Amino acid sequence: MLRLQAEVAGRAGKEAGLFFPSGTQSNFAALMAHCARGVGQLAHTYKYEGGGAAVLGSIQPQPLEKIAAAIKPIDDHFARTRLLALENTIGGKVLPAGYVTEAVQLARDRGLSTHLDGARVFNVAVASGKRLAVLCEPFDSVSICFSKGLGAPLGSVLVGSKSLIDVAHRWRKVLGGGMRQAGVLAAACLYALDHNVERLADDHANAAHLAAGLESIAHVKVQSVATNMVFAQFPQEHCVPLEAWLKERGILTQMLCASRFVTHKDVSRGDIDTFLTEVKAYFAAH
Ligand SMILES: *Cc1c(COP(=O)(O)O)cnc(C)c1O
């Protein structure tokens with residue numbers, strides 16, 4: 001576990017790392033470490049744990065004027081705003097580098113700390129060709145997930161300064177995230193780091209392939225494709241029968257009129273072609 005923490009901190013260009021069982025806990029410990037008690041106005045992390053919008057990918061980066069307006073003036077009547085939290089990728093999309101720079105600068109000018117929910121930051125690294133340390137550099141802390149695209153059974157690592165990680169360590173204990181014989185879990189994350197990062201490019205190519213296939217079906221409207229996520233709209237009246245059609249053919253889905261598809265290491269190009277063939281067959285028959 002110590003090796004994983006040091007390895008991830010090193011790659012991210014930060015002093016220290018801390019292993020958590022989940023990304024939710026890693027983000028939460030970071031927020032508590034930054035804000036002490038009473039988390040104020042947050043960008044996304046706040047909403048994420050409420051589910052919904054971000055999961056469906058409809059949260060867009062807030063305009064900078066909105067961030068500026070959300071920072072409460074220092075006044076005894078108001079909760080103090082302490083932290084700007086961004087997410088990258090968000091809804092599969094890579095945040096424009098200029099946006100990150102300006103948002104972080106704005107936060108610094110107002111004396112705020114900065115946190116990146118980088119659950120999918122390796123997707124950003126692979127899609128943009130930028131090193132992890134470059135992507136993490138603007139932020140005081142970054143939470144990085146090993147169990148999404150990287151395929152480890154569990155685990156997130158929070159990186160930041162030694163003093164911040166010391167405080168997060170205490171919060172991890174409070175949150176019930178202290179682990180004992182965790183080396184075996186950390187070993188899986190180290191394996192993922194060595195074997196499953198570059199291959200994220202395959203997931204991105206597969207997502208583009210899926211989007212192109214869906215786009216060729218008249219009834220389907222692809223809303224966005226970025227890194228490993230595709231968002232597509234299906235006609236409301238077809239969702240239930242299409243889901244049943246696919247289930248009969250061994251493909252389990254939850255078809256919604258706004259559906260999200262995420263590619264990962266256990267979804268092959270062949271799986272995507274099978275799926276596309278069956279969706280096309282359904283629409284040809286209806
Ligand atoms: C998955 C995810 C989380 C939560 O991670 P868990 O390990 O499921 O708790 C937080 N933020 C983002 C961006 C995620 O993709």
# chains A, B, ... in the order shown; residues from 1 in each chain; ligands from 1
>>> select_by_dssp(residues="stretch 134-285 of chain A", states="alpha helix (DSSP H)", output="ChimeraX atom specification")
/A:134-136,162-174,183-195,200-215,236-248,269-285
>>> residues_near_ligand(ligand="ligand 1", cutoff="6 Å", atoms="only C-alpha atoms and all ligand atoms", output="list in words")
Ser22, Gly23, Thr24, Asp117 and Ala119 of chain A
>>> write_last_selection(atoms="all heavy atoms", output="PDB file, in the first residue's frame")
ATOM      1  N   SER A  22     -12.778   3.669  -1.839  1.00  0.00           N
ATOM      2  CA  SER A  22     -13.656   4.169  -2.904  1.00  0.00           C
ATOM      3  C   SER A  22     -13.352   5.625  -3.220  1.00  0.00           C
ATOM      4  O   SER A  22     -12.759   6.344  -2.419  1.00  0.00           O
ATOM      5  CB  SER A  22     -15.128   4.051  -2.488  1.00  0.00           C
ATOM      6  OG  SER A  22     -15.422   5.050  -1.528  1.00  0.00           O
ATOM      7  N   GLY A  23     -13.817   6.044  -4.394  1.00  0.00           N
ATOM      8  CA  GLY A  23     -13.636   7.429  -4.829  1.00  0.00           C
ATOM      9  C   GLY A  23     -14.491   8.390  -4.027  1.00  0.00           C
ATOM     10  O   GLY A  23     -14.068   9.513  -3.735  1.00  0.00           O
ATOM     11  N   THR A  24     -15.679   7.936  -3.658  1.00  0.00           N
ATOM     12  CA  THR A  24     -16.571   8.788  -2.861  1.00  0.00           C
ATOM     13  C   THR A  24     -15.879   9.158  -1.547  1.00  0.00           C
ATOM     14  O   THR A  24     -15.864  10.320  -1.134  1.00  0.00           O
ATOM     15  CB  THR A  24     -17.893   8.039  -2.570  1.00  0.00           C
ATOM     16  OG1 THR A  24     -18.517   7.726  -3.809  1.00  0.00           O
ATOM     17  CG2 THR A  24     -18.826   8.866  -1.717  1.00  0.00           C
ATOM     18  N   ASP A 117     -11.606  16.166  -8.814  1.00  0.00           N
ATOM     19  CA  ASP A 117     -12.141  14.810  -8.829  1.00  0.00           C
ATOM     20  C   ASP A 117     -11.642  14.207 -10.144  1.00  0.00           C
ATOM     21  O   ASP A 117     -12.241  14.372 -11.196  1.00  0.00           O
ATOM     22  CB  ASP A 117     -13.670  14.833  -8.760  1.00  0.00           C
ATOM     23  CG  ASP A 117     -14.249  13.420  -8.788  1.00  0.00           C
ATOM     24  OD1 ASP A 117     -13.475  12.456  -9.009  1.00  0.00           O
ATOM     25  OD2 ASP A 117     -15.470  13.286  -8.577  1.00  0.00           O
ATOM     26  N   ALA A 119     -11.292  11.053 -10.931  1.00  0.00           N
ATOM     27  CA  ALA A 119     -11.602   9.615 -11.011  1.00  0.00           C
ATOM     28  C   ALA A 119     -11.172   9.081 -12.378  1.00  0.00           C
ATOM     29  O   ALA A 119     -10.633   7.995 -12.496  1.00  0.00           O
ATOM     30  CB  ALA A 119     -13.094   9.380 -10.783  1.00  0.00           C
TER      31      ALA A 119
END
>>> closest_residue(among="A:Val225, A:Leu116, A:Leu135, A:Leu84", to="A:Gly98", atoms="only C-alpha atoms")
A:Leu135
>>> residues_around(residues="A:Lys14", least_positions_apart="2", cutoff="12 Å", atoms="only C-alpha atoms", output="count of residues only")
32
>>> atom_distance(atom1="atom CA of A:Val174", atom2="atom CA of A:Val121")
26.7 Å
>>> decode(residues="stretch 242-268 of chain A", atoms="N, CA and C atoms", output="JSON list (two decimals), in the first residue's frame")
[["chain", "number", "residue", "atom", "x", "y", "z"],
["A", 242, "LEU", "N", -37.07, -2.43, -27.13],
["A", 242, "LEU", "CA", -35.67, -2.64, -27.55],
["A", 242, "LEU", "C", -34.89, -3.36, -26.45],
["A", 243, "GLU", "N", -35.13, -2.92, -25.21],
["A", 243, "GLU", "CA", -34.46, -3.57, -24.08],
["A", 243, "GLU", "C", -34.83, -5.06, -24.03],
["A", 244, "ALA", "N", -36.10, -5.38, -24.25],
["A", 244, "ALA", "CA", -36.57, -6.78, -24.23],
["A", 244, "ALA", "C", -35.94, -7.56, -25.39],
["A", 245, "TRP", "N", -35.90, -6.92, -26.55],
["A", 245, "TRP", "CA", -35.29, -7.55, -27.75],
["A", 245, "TRP", "C", -33.82, -7.90, -27.47],
["A", 246, "LEU", "N", -33.12, -6.98, -26.89],
["A", 246, "LEU", "CA", -31.69, -7.21, -26.61],
["A", 246, "LEU", "C", -31.52, -8.29, -25.54],
["A", 247, "LYS", "N", -32.39, -8.27, -24.54],
["A", 247, "LYS", "CA", -32.31, -9.26, -23.45],
["A", 247, "LYS", "C", -32.49, -10.67, -24.01],
["A", 248, "GLU", "N", -33.45, -10.83, -24.92],
["A", 248, "GLU", "CA", -33.67, -12.14, -25.55],
["A", 248, "GLU", "C", -32.43, -12.63, -26.28],
["A", 249, "ARG", "N", -31.60, -11.68, -26.68],
["A", 249, "ARG", "CA", -30.38, -12.04, -27.41],
["A", 249, "ARG", "C", -29.13, -11.99, -26.53],
["A", 250, "GLY", "N", -29.37, -12.00, -25.23],
["A", 250, "GLY", "CA", -28.26, -12.11, -24.28],
["A", 250, "GLY", "C", -27.53, -10.80, -24.01],
["A", 251, "ILE", "N", -28.15, -9.67, -24.35],
["A", 251, "ILE", "CA", -27.50, -8.37, -24.08],
["A", 251, "ILE", "C", -28.33, -7.63, -23.04],
["A", 252, "LEU", "N", -27.75, -7.43, -21.87],
["A", 252, "LEU", "CA", -28.48, -6.77, -20.80],
["A", 252, "LEU", "C", -28.21, -5.28, -20.84],
["A", 253, "THR", "N", -29.27, -4.50, -20.90],
["A", 253, "THR", "CA", -29.13, -3.04, -20.97],
["A", 253, "THR", "C", -30.18, -2.40, -20.09],
["A", 254, "GLN", "N", -30.01, -1.13, -19.86],
["A", 254, "GLN", "CA", -31.10, -0.34, -19.35],
["A", 254, "GLN", "C", -31.30, 0.76, -20.38],
["A", 255, "MET", "N", -32.22, 0.52, -21.31],
["A", 255, "MET", "CA", -32.40, 1.49, -22.39],
["A", 255, "MET", "C", -33.29, 2.62, -21.88],
["A", 256, "LEU", "N", -32.75, 3.81, -21.96],
["A", 256, "LEU", "CA", -33.49, 5.00, -21.58],
["A", 256, "LEU", "C", -33.56, 5.88, -22.80],
["A", 257, "CYS", "N", -34.46, 6.85, -22.80],
["A", 257, "CYS", "CA", -34.48, 7.69, -23.98],
["A", 257, "CYS", "C", -33.18, 8.50, -24.07],
["A", 258, "ALA", "N", -32.55, 8.75, -22.91],
["A", 258, "ALA", "CA", -31.18, 9.28, -22.94],
["A", 258, "ALA", "C", -30.29, 8.24, -22.29],
["A", 259, "SER", "N", -29.56, 7.50, -23.08],
["A", 259, "SER", "CA", -28.74, 6.40, -22.57],
["A", 259, "SER", "C", -27.26, 6.77, -22.58],
["A", 260, "ARG", "N", -26.57, 6.25, -21.57],
["A", 260, "ARG", "CA", -25.12, 6.45, -21.50],
["A", 260, "ARG", "C", -24.43, 5.11, -21.71],
["A", 261, "PHE", "N", -23.44, 5.11, -22.57],
["A", 261, "PHE", "CA", -22.64, 3.92, -22.81],
["A", 261, "PHE", "C", -21.21, 4.21, -22.41],
["A", 262, "VAL", "N", -20.62, 3.32, -21.62],
["A", 262, "VAL", "CA", -19.24, 3.52, -21.19],
["A", 262, "VAL", "C", -18.42, 2.30, -21.63],
["A", 263, "THR", "N", -17.37, 2.53, -22.37],
["A", 263, "THR", "CA", -16.50, 1.41, -22.78],
["A", 263, "THR", "C", -15.41, 1.21, -21.73],
["A", 264, "HIS", "N", -14.99, -0.05, -21.58],
["A", 264, "HIS", "CA", -13.92, -0.36, -20.63],
["A", 264, "HIS", "C", -13.25, -1.65, -21.06],
["A", 265, "LYS", "N", -12.28, -2.09, -20.26],
["A", 265, "LYS", "CA", -11.42, -3.18, -20.73],
["A", 265, "LYS", "C", -12.13, -4.50, -20.94],
["A", 266, "ASP", "N", -13.32, -4.65, -20.37],
["A", 266, "ASP", "CA", -14.05, -5.90, -20.56],
["A", 266, "ASP", "C", -15.10, -5.80, -21.67],
["A", 267, "VAL", "N", -15.06, -4.70, -22.43],
["A", 267, "VAL", "CA", -15.95, -4.58, -23.59],
["A", 267, "VAL", "C", -15.07, -4.54, -24.83],
["A", 268, "SER", "N", -15.24, -5.54, -25.70],
["A", 268, "SER", "CA", -14.38, -5.63, -26.89],
["A", 268, "SER", "C", -15.06, -4.99, -28.10]]
